[in-house]
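Notes follow once the structure below has been shown.
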Amino acid sequence: MITRTLPAPLPISDQEHPGSCPLSIHDMTVAYHRRPVLWDIDYDAPPGKLIAIVGPNGSGKTTLIKAALGLVPAASGEVRFFGMRYARQRGRVGYVPQRESVDWDFPVSALDVVAMGLYGRIGWCWPVTRRYQREALAALARVGMADYAHRQISQLSGGQQQRVFLARALAQSADVYLMDEPFAGVDAATERAIVEILRELRSQGKTALVVHHDLQTVTDYFDEVLLLNMRLIAAGPVEQVFTSENLRKAYGGKLALLDEVGHKMRLAGGGQ
Amino acid sequence: MIREALDILAGWSAIDLWIVVTGALAAMACAVPGCFLLLRRQSMMGDALSHTSLLGVVLAFLAADKLADLGWLAPAAKGGVHHAIMVAGAMVVGLLAAILTEWIQKRGRVEASAALGVVFTIFFALGLLLVRVAADKAHIDPDCVLYGTVESAGIGDGVPEPALVNGIVLLVNLALVFLFFKELRISAFDPGLATALGVNARAMHYALMAVTAATLVAAYESVGVIVVVAMLIAPPATAHLLTDRLGRMILISLVVAAVGALLGHAMAVVLPRIVFARLGYTTVGSASSAGMMAVASGLLFGAAALFAPRHGVLSKSLAQWRLGLKIAAEDLLGLLYRLEEHGLSAHGAAAPDLLQRALPVGRLTAALASWTLRRNGSLLVTAGGYRLTDKGRMAARGLVRGHRLWESYLAKHFPLPPDHLHASAEMAEHYLGAQLRQELAGELAETAKVDPHGRSIPGEKDKA
Amino acid sequence: MSRFRLAIRAPAAPCAAAIVFCLLLLASPLRAAGEKFAARQGELAVAAQNDAPQRHVPRRDADHHSLTDTRWQWPTWDDFVSVVSLRNVNTLWVLLGTTILGVSAGVVGVFMLLRKRSLAGDVVGHASLPGIAVAFLVCEAISPGAEKSLPALLVGAAVSGLAGVLCMAGIRRLTRIKEDAALAIVLGTFFGLGIALFTVLQSIPSGNQAGLDKFIFGNAASMLGGDLWLLAITALVVLLSCALLFKELSLVCFDEDFAAVQGWPTFLVDTVLMGLVVLVAEVGAQTVGLILVVALLIVPAAAARFWTQRVLVMTLLGAALGGLSTGLGTILSALFPNFSAGPIIVLTGGAIFAVSLVFGARRGMAWRLITLIQMRNRVGRHDLLRAFYEALEKSSARNGKPAAAAALTERSIGLDDLLVRRRWSPPRLRRLVAAARRQGLVVVDQKQLRLTEAGAAAARRAARNHRMWELFLIQHADVAPGRVDRYADQIEHVLEPDVVRELEDLLARGYPELAVPASPHALEPAGGKP
């Protein structure tokens, strides 16, 4: 049975959550319109690692991140960042949403977008003062976009827009980053820049969970991988988990029965 | 109070009848294009078109006036010709507004609803200005535009003109829908696919806009320019809550529209006298029938939103509650079965309150659950406590079998620690029918005797 | 330019302070003129009463469409002078009031536009009608027959406007009906209820219903002193909230999810914005009418969007254009007293929108058209020069080495030689040559064309860009050499210098600085005329 062949069994989650664990998800089930899209996810992210979240389309990668951040309500289970609920740790968590999630025709400049990462620190009603603008500019410079600070965001290329989003998360100076498909549809230069930033973050002891779709680069870019297909297929160090058998399991179509039962739950109008 | 209402309604005359007929025909004519606007998510386009058609009507009046001056149109030409000119004017201006909106949205890169808002407010403002310019020539005024003239429908003899006009529009609309049903359906559902299949979705869009504008202008003479928006969208929305089929949706929306008109006029006649008499005003007249027809269709929509069999808010929560009850009852069965398995209730019974406390639901639900089980003969209450009947045992075996098969299935495919299997199986067991259980058993093949915790999986049928 | 940029990057708080200061400045002459104004008020009220043609008295009341007062009349010069010089105190106060209204509506409208909820203002406007009727009844019950207090009516309107918004949210959240239909249903139903109530109110014997109808179509001319104060307070609330919450509002408009993740209460921010919309819509209803009040919210904001790429500038512009359109509209309506002010104000806004649509500095169509023409010219120039280069390169390649700089300026070629190189028509080629001659890139000598020094350099650059890009596509994007020409054609003209530099870095191996690489594919003539 698979459980036995798996290396590095997952930590048993009944125990006390250690404060050092950047993100621990315990027994989380998420449902859209009562249909479960993620079942019983149990995962403790190791600190100081780059972690890829990998799985086929519709396997719940984005949902995992959104549920962890409370953007999608979880039907059951709990999520902790450094041992505490997210609401008390917002400052330590950086979020890079999918590029398509916003209207890039919005009348703001790249610098304005990056400054949004600082709003939490600035607080209610207080304007973005020069100090914060300098900070935002520094974050832009880290992704190699300082020259584009005053461009309106629709005039940036897809890769540049992605870098602006990354800079916004960097400006938060968080300890754990959740990124949703930062590599989707970007040019080679941006991909290199993002990887460099990720490695820099790791060297500072920070953790990044990145939804990733390019299987070929997983082993190059990441230390750990989390294979997902409605359920957690496997998780752990890349070299141990990223095996063809596990991949086949994750990508070999959705497990038909799982899907069918989920569908029945939706029709019945319930789950629990 | 009801008696009072009936007394008032007893005075129902031919005039009232014609008001209802006119209103109903107007509402039904509107409901037909309204269904497609609703499904295409362009309801606000209907609002915009009703505003812009004012401009179309005024321009048409001015044009007709000019033609009469030039001698091309007999000054006495009333009725049919006038209506035709009005409808044509509204169609042209409505199309113009639709095109302009799309143009501003695409070329000016303005967000869709804002582009719509800009265009229709400007057209309406222009219409209001021109109404005042044209007021001495055309017999329309801003208040007629607001209030409609449905009350004067039945004053003359024979079939009133507005009823005739709305009836014709209704027939034309129905004929168009009948002829182009599948084209309309496909272009509402998926414009891209429609174009690929050779249906020009853009042409369909503009045709729909033109028909809507024509329908609105015929209707709003009776019910007013804004009230007509409620007639356009509320009945189709009501029907949309009641059915999932397009053909049925159109039929239901026609019925809802007619009922709304009847109800609206009745309310307009009855409510003011009853309510305002209570407030001390004894001499109030009836309310605007057109306004009340809008209110009635809104109320019908509200009722559907609450009570519709599948999509209603209350029915959904009722279904939820019943599902909860079913799950509680099944949990109770499963619990009893497991107790039997362990031989804990060898002499037949388990204490009710102990069991009820073991269920993860409130006392009331638990009591209700056991009551339903007793009623359908799955459970017996003996002196010693609860006991499964044979029928109950059958059901319980299925549940427990599903539960353990599910655990085995999960254990086979996912790296979950054993203590995590149970929760998910608790959830899934209620949805695993006999067929799914068989599929699961087939998938698990020879391992399907014992679950991951080492408990034996009961067979589908009792062998003992 | 840089100074301008500094100005627009100025933080919001000083701006807020400036706005408040301006408002106080506005308010102080108001207070000073208070007594004078009070003396005039009785007069004004009488004027408003006599202003019959501008008020839409209910249809049942009277035949108010006398034939004499609805005709289109151009104002006389004296009228014009007296209106424009604001000699009439009445006009002045009305102008001040409507301008204040326009400014606050413009500011709120900008955020509604950015939130993509422009039409919610329409629902708020229409849905407030029954509230006005109910408030009237309540007032009537308290003191029968008395003049109805405006604030009371407005409170009623606001309550039912909010009820409409709640219904809309409820329908959207709890049923399968989509937002647009929810808007239409709520708008039509509430307005129908309002119409029904109004018709009943008109048959109430006592009471003073005359003022009610002005809410539907608006009546700016009957503005009184109290109304002005109400407008000023509204504007203060609106501008202060928008200035203080500027950062929060724009964040929620741009990226709601990110705002929620950062812990901003997005629902609260939305609620504040909706509250401001209700406030502006109700106060504006008596000026332009609740059917058209949505125009004050949408039109200036949509017009402002054409001029700028910044939220802050857009907000200020929305305020300015809002004030401008209502102010101008008021003056116009004073010139044409036979027509109600509401539609004229809206149409003025429409004119401003049209001007912005065409001439807007950032997204206006004229500007974009010019850019397009410039782009086309540039593409044409590049194509011509590259064709030149390729023709010369081919003829000089016989010497066994690529075209030297001197070779490009020495030799001349005929039009026909160029004509076969690409699919262009003879007239277009002639136009391109003429343009190139004007720019000093080409000299024409007895139907023979020769490149100048500048032309030669430009031709080398054009050919180089094109081939660099082709090489890049072949080496890094896996495009087949046979198809690369077309791909490169589409992109080379928009290559910015820094991208070219990057390409050079990428392709540095093998291609020395400033050399034109050989074409990676055979250079066949494009096959004659199209």
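The way I read the labels, and the way they are meant: chains A, B, ... in the order of the structure tokens, residue 1 as the first residue of every chain, and ligand 1 as the first ligand shown, with later ones counted on from there.
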>> Could you list, as an NGL selection string, every residue within 12 Å of segment 187-197 of chain A, counting only C-alpha atoms and ignoring same-chain residues fewer than 6 positions away?
In response: (:A and (50 or 96 or 139-145 or 157-167 or 169-170 or 177 or 179 or 181 or 203-204 or 206-208 or 210 or 212 or 214 or 217-218 or 220-222)) or (:C and (476-477 or 499 or 502-503 or 506))
> Counting only C-alpha atoms, which residues of chain B come no farther than 6 Å from chain C, as a VMD selection string?
Replying inline: chain B and resid 43 to 44 114 118 121 to 122 125 132 to 133 136 143 227 229 to 230 234 284 to 285 287 to 288 291 to 292 294 to 295 298
The selected residues should be written to file as a compact mmCIF listing (two decimals), in the first residue's frame (atoms: N, CA and C atoms).
# COMPACT_ATOMS: atom_id res chain seq x y z
N SER B 43 -29.74 42.60 -18.77
CA SER B 43 -30.99 43.17 -18.27
C SER B 43 -30.94 44.69 -18.26
N MET B 44 -29.78 45.24 -17.87
CA MET B 44 -29.70 46.69 -17.79
C MET B 44 -29.78 47.32 -19.17
N ALA B 114 -20.61 51.37 -17.34
CA ALA B 114 -20.45 52.82 -17.37
C ALA B 114 -20.79 53.37 -18.75
N VAL B 118 -23.63 56.14 -19.43
CA VAL B 118 -23.38 57.41 -20.11
C VAL B 118 -24.38 57.58 -21.25
N THR B 121 -28.34 57.85 -20.13
CA THR B 121 -28.73 59.08 -19.44
C THR B 121 -28.73 60.25 -20.41
N ILE B 122 -27.75 60.29 -21.30
CA ILE B 122 -27.70 61.41 -22.25
C ILE B 122 -28.89 61.34 -23.20
N ALA B 125 -31.99 62.40 -21.32
CA ALA B 125 -32.01 63.84 -21.09
C ALA B 125 -32.43 64.57 -22.36
N ARG B 132 -40.40 68.61 -24.31
CA ARG B 132 -40.94 69.95 -24.05
C ARG B 132 -41.02 70.77 -25.34
N VAL B 133 -40.06 70.56 -26.21
CA VAL B 133 -40.13 71.28 -27.49
C VAL B 133 -41.34 70.80 -28.28
N ASP B 136 -46.31 70.79 -27.73
CA ASP B 136 -47.53 71.37 -28.30
C ASP B 136 -47.96 70.62 -29.55
N ASP B 143 -44.95 63.47 -17.72
CA ASP B 143 -45.66 62.71 -16.70
C ASP B 143 -46.32 61.47 -17.29
N VAL B 227 -41.37 51.79 -15.13
CA VAL B 227 -42.11 50.64 -14.64
C VAL B 227 -41.97 49.46 -15.61
N VAL B 229 -39.51 48.43 -17.06
CA VAL B 229 -38.29 47.64 -16.81
C VAL B 229 -38.61 46.45 -15.91
N ALA B 230 -39.46 46.70 -14.90
CA ALA B 230 -39.86 45.60 -14.02
C ALA B 230 -40.59 44.52 -14.80
N ALA B 234 -38.61 41.16 -14.40
CA ALA B 234 -39.08 40.40 -13.24
C ALA B 234 -39.78 39.09 -13.62
N VAL B 284 -59.32 58.72 -0.64
CA VAL B 284 -58.26 58.51 -1.61
C VAL B 284 -58.78 57.71 -2.80
N GLY B 285 -58.18 57.98 -3.95
CA GLY B 285 -58.51 57.23 -5.14
C GLY B 285 -57.64 55.99 -5.22
N ALA B 287 -54.50 53.63 -6.66
CA ALA B 287 -53.11 53.90 -7.00
C ALA B 287 -52.90 53.66 -8.49
N SER B 288 -51.75 54.10 -8.96
CA SER B 288 -51.42 53.85 -10.36
C SER B 288 -51.36 52.35 -10.62
N GLY B 291 -47.87 51.18 -11.79
CA GLY B 291 -46.91 51.07 -10.69
C GLY B 291 -47.16 49.81 -9.89
N MET B 292 -48.43 49.55 -9.60
CA MET B 292 -48.74 48.38 -8.78
C MET B 292 -48.47 47.08 -9.53
N ALA B 294 -45.96 46.66 -11.48
CA ALA B 294 -44.53 46.46 -11.25
C ALA B 294 -44.30 45.87 -9.87
N VAL B 295 -45.00 46.45 -8.88
CA VAL B 295 -44.83 45.94 -7.52
C VAL B 295 -45.25 44.48 -7.46
N GLY B 298 -42.72 42.30 -8.91
CA GLY B 298 -41.61 42.21 -7.95
C GLY B 298 -41.94 41.27 -6.82
How close does chain B get to chain A? List, as JSON lines, each residue of chain B within 8 Å, its nearest atom pair and the distance in Å to one decimal, counting only C-alpha atoms.
{"residue": "B:Lys316", "atom": "CA", "partner": "A:Gly269", "partner_atom": "CA", "distance": 7.7}
{"residue": "B:Ala319", "atom": "CA", "partner": "A:Gly269", "partner_atom": "CA", "distance": 6.8}
{"residue": "B:Gln320", "atom": "CA", "partner": "A:Gly269", "partner_atom": "CA", "distance": 6.1}
{"residue": "B:Leu323", "atom": "CA", "partner": "A:Gly270", "partner_atom": "CA", "distance": 6.6}
{"residue": "B:Gly324", "atom": "CA", "partner": "A:Gln272", "partner_atom": "CA", "distance": 7.8}
{"residue": "B:Ala411", "atom": "CA", "partner": "A:Thr3", "partner_atom": "CA", "distance": 7.2}
{"residue": "B:Lys412", "atom": "CA", "partner": "A:Met1", "partner_atom": "CA", "distance": 5.8}
{"residue": "B:His413", "atom": "CA", "partner": "A:Ile2", "partner_atom": "CA", "distance": 6.6}
{"residue": "B:Phe414", "atom": "CA", "partner": "A:Ile233", "partner_atom": "CA", "distance": 5.7}
{"residue": "B:Pro415", "atom": "CA", "partner": "A:Thr3", "partner_atom": "CA", "distance": 4.6}
{"residue": "B:Leu416", "atom": "CA", "partner": "A:Thr3", "partner_atom": "CA", "distance": 6.9}
{"residue": "B:Pro417", "atom": "CA", "partner": "A:Ile12", "partner_atom": "CA", "distance": 7.6}
{"residue": "B:His420", "atom": "CA", "partner": "A:Asp40", "partner_atom": "CA", "distance": 7.8}
{"residue": "B:Ser424", "atom": "CA", "partner": "A:Asp40", "partner_atom": "CA", "distance": 7.3}
{"residue": "B:Met427", "atom": "CA", "partner": "A:Gly271", "partner_atom": "CA", "distance": 6.8}
{"residue": "B:Ala428", "atom": "CA", "partner": "A:Val261", "partner_atom": "CA", "distance": 7.1}
{"residue": "B:Tyr431", "atom": "CA", "partner": "A:Lys264", "partner_atom": "CA", "distance": 6.4}
{"residue": "B:Leu432", "atom": "CA", "partner": "A:Val261", "partner_atom": "CA", "distance": 7.2}
{"residue": "B:Leu436", "atom": "CA", "partner": "A:Leu257", "partner_atom": "CA", "distance": 7.9}
{"residue": "B:Leu440", "atom": "CA", "partner": "A:Leu257", "partner_atom": "CA", "distance": 7.8}
Export, as a compact mmCIF listing (two decimals), in the first residue's frame, the selected residues with N, CA, C and O atoms.
# COMPACT_ATOMS: atom_id res chain seq x y z
N LYS B 316 -34.21 25.57 -0.36
CA LYS B 316 -32.84 25.10 -0.25
C LYS B 316 -32.49 24.81 1.21
O LYS B 316 -31.88 23.80 1.52
N ALA B 319 -34.20 21.64 2.29
CA ALA B 319 -33.50 20.45 1.78
C ALA B 319 -32.26 20.18 2.62
O ALA B 319 -31.96 19.04 2.97
N GLN B 320 -31.57 21.26 2.98
CA GLN B 320 -30.39 21.14 3.81
C GLN B 320 -30.73 20.48 5.15
O GLN B 320 -30.06 19.57 5.62
N LEU B 323 -31.59 16.86 4.78
CA LEU B 323 -30.39 16.07 4.57
C LEU B 323 -29.68 15.83 5.90
O LEU B 323 -29.24 14.72 6.20
N GLY B 324 -29.62 16.92 6.72
CA GLY B 324 -29.01 16.78 8.04
C GLY B 324 -29.71 15.71 8.86
O GLY B 324 -29.08 14.88 9.51
N ALA B 411 -7.14 4.68 1.73
CA ALA B 411 -5.84 4.18 2.19
C ALA B 411 -5.04 3.66 1.01
O ALA B 411 -3.81 3.77 0.98
N LYS B 412 -5.75 3.13 0.02
CA LYS B 412 -5.04 2.61 -1.13
C LYS B 412 -4.42 3.74 -1.95
O LYS B 412 -3.33 3.60 -2.49
N HIS B 413 -5.13 4.85 -2.02
CA HIS B 413 -4.68 5.88 -2.97
C HIS B 413 -3.98 7.07 -2.35
O HIS B 413 -3.34 7.83 -3.04
N PHE B 414 -4.13 7.28 -1.08
CA PHE B 414 -3.56 8.51 -0.51
C PHE B 414 -2.74 8.21 0.73
O PHE B 414 -3.07 7.30 1.49
N PRO B 415 -1.70 9.03 0.92
CA PRO B 415 -0.83 8.78 2.06
C PRO B 415 -1.39 9.37 3.34
O PRO B 415 -0.82 10.28 3.90
N LEU B 416 -2.54 8.91 3.77
CA LEU B 416 -3.12 9.48 4.98
C LEU B 416 -2.83 8.57 6.16
O LEU B 416 -2.89 7.35 6.04
N PRO B 417 -2.54 9.17 7.30
CA PRO B 417 -2.39 8.33 8.49
C PRO B 417 -3.76 7.71 8.82
O PRO B 417 -4.79 8.31 8.52
N HIS B 420 -6.87 9.50 9.98
CA HIS B 420 -7.52 10.50 9.16
C HIS B 420 -8.57 9.93 8.23
O HIS B 420 -9.26 10.67 7.56
N SER B 424 -13.34 11.44 6.86
CA SER B 424 -13.79 11.55 5.48
C SER B 424 -14.81 10.48 5.14
O SER B 424 -15.79 10.74 4.43
N MET B 427 -18.23 11.29 6.25
CA MET B 427 -18.90 12.23 5.37
C MET B 427 -19.40 11.52 4.12
O MET B 427 -20.50 11.75 3.65
N ALA B 428 -18.54 10.64 3.58
CA ALA B 428 -18.85 10.06 2.28
C ALA B 428 -19.89 8.95 2.38
O ALA B 428 -20.63 8.72 1.42
N TYR B 431 -23.42 9.07 0.92
CA TYR B 431 -23.64 9.29 -0.51
C TYR B 431 -23.27 8.07 -1.34
O TYR B 431 -23.33 8.11 -2.55
N LEU B 432 -22.86 7.00 -0.67
CA LEU B 432 -22.42 5.82 -1.41
C LEU B 432 -23.59 4.86 -1.57
O LEU B 432 -23.90 4.09 -0.66
N LEU B 436 -22.29 2.54 -6.25
CA LEU B 436 -20.95 3.07 -5.95
C LEU B 436 -20.18 2.11 -5.07
O LEU B 436 -18.97 1.92 -5.24
N LEU B 440 -16.60 0.52 -5.78
CA LEU B 440 -15.49 0.60 -4.83
C LEU B 440 -14.93 -0.80 -4.59
O LEU B 440 -13.72 -1.02 -4.61
> What residues in chain A have any atom no more than 6 Å from chain C when counting only C-alpha atoms, and can you write them as a list of chain:residue names?
Replying inline: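 Here they are: A:Val102, A:Pro107, A:Val108, A:Cys125, A:Pro127.
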>> List as an NGL selection string the protein and nucleic acid residues near Gln89 of chain A, meaning an atom at most 10 Å away when only C-alpha atoms are counted, but skip any in the same chain fewer than 3 places from it.
In response: (:A and (80-86 or 92-93 or 174-175)) or (:C and (262))
Selection file, C-alpha atoms, as a PDB file, in the first residue's frame:
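Heads up, here's the output in result_30.pdb:
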ATOM      1  CA  ARG A  80      -1.925  28.103  11.227  1.00  0.00           C
ATOM      2  CA  PHE A  81       0.939  30.351  10.351  1.00  0.00           C
ATOM      3  CA  PHE A  82       3.795  30.049  12.814  1.00  0.00           C
ATOM      4  CA  GLY A  83       1.422  28.381  15.223  1.00  0.00           C
ATOM      5  CA  MET A  84      -1.196  31.101  15.152  1.00  0.00           C
ATOM      6  CA  ARG A  85      -4.328  31.919  13.232  1.00  0.00           C
ATOM      7  CA  TYR A  86      -3.828  33.915  10.049  1.00  0.00           C
ATOM      8  CA  ARG A  92       4.288  37.779   8.238  1.00  0.00           C
ATOM      9  CA  VAL A  93       2.483  36.385   5.194  1.00  0.00           C
ATOM     10  CA  ALA A 174       6.942  38.778   5.157  1.00  0.00           C
ATOM     11  CA  ASP A 175       8.373  35.503   6.453  1.00  0.00           C
TER      12      ASP A 175
ATOM     13  CA  GLN C 262      -4.029  42.228   4.215  1.00  0.00           C
TER      14      GLN C 262
END
For the alpha helix (DSSP H) assignment from backbone DSSP, which residues of segment 160-193 of chain A qualify? Please present them as an mmCIF file with C-alpha atoms, in the first residue's frame.
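Saved result, out-v3.cif, follows:
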data_model
loop_
_atom_site.group_PDB
_atom_site.id
_atom_site.type_symbol
_atom_site.label_atom_id
_atom_site.label_comp_id
_atom_site.auth_asym_id
_atom_site.auth_seq_id
_atom_site.Cartn_x
_atom_site.Cartn_y
_atom_site.Cartn_z
ATOM 1 C CA GLN A 160 6.816 42.883 -15.924
ATOM 2 C CA GLN A 161 3.340 42.863 -14.423
ATOM 3 C CA GLN A 162 4.186 39.633 -12.667
ATOM 4 C CA ARG A 163 7.346 41.186 -11.298
ATOM 5 C CA VAL A 164 5.343 44.129 -9.994
ATOM 6 C CA PHE A 165 3.103 41.705 -8.120
ATOM 7 C CA LEU A 166 6.159 39.973 -6.729
ATOM 8 C CA ALA A 167 7.599 43.307 -5.646
ATOM 9 C CA ARG A 168 4.366 44.112 -3.864
ATOM 10 C CA ALA A 169 4.696 40.933 -1.827
ATOM 11 C CA LEU A 170 8.386 41.632 -1.195
ATOM 12 C CA ALA A 171 7.510 45.081 0.087
ATOM 13 C CA ALA A 188 12.669 34.060 -19.799
ATOM 14 C CA ALA A 189 14.122 37.161 -18.171
ATOM 15 C CA THR A 190 11.255 37.391 -15.703
ATOM 16 C CA GLU A 191 11.499 33.704 -14.937
ATOM 17 C CA ARG A 192 15.172 34.117 -14.110
ATOM 18 C CA ALA A 193 14.442 37.174 -11.988
#
> What is the atom CA of Ala45 of chain A-atom CA of Asn57 of chain A distance in Å, reported with one decimal?
Replying inline: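 Going from atom CA of Ala45 of chain A over to atom CA of Asn57 of chain A covers 22.4 Å.
Between atom CA of Ala258 of chain B and atom CA of Ala24 of chain B the interatomic distance comes to 4.5 Å.
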> Just asking: which residues within segment 156-254 of chain A are strand (DSSP E) according to DSSP, as a PyMOL selection string?
Replying inline: chain A and resi 176-179+207-211+224-229+231-237
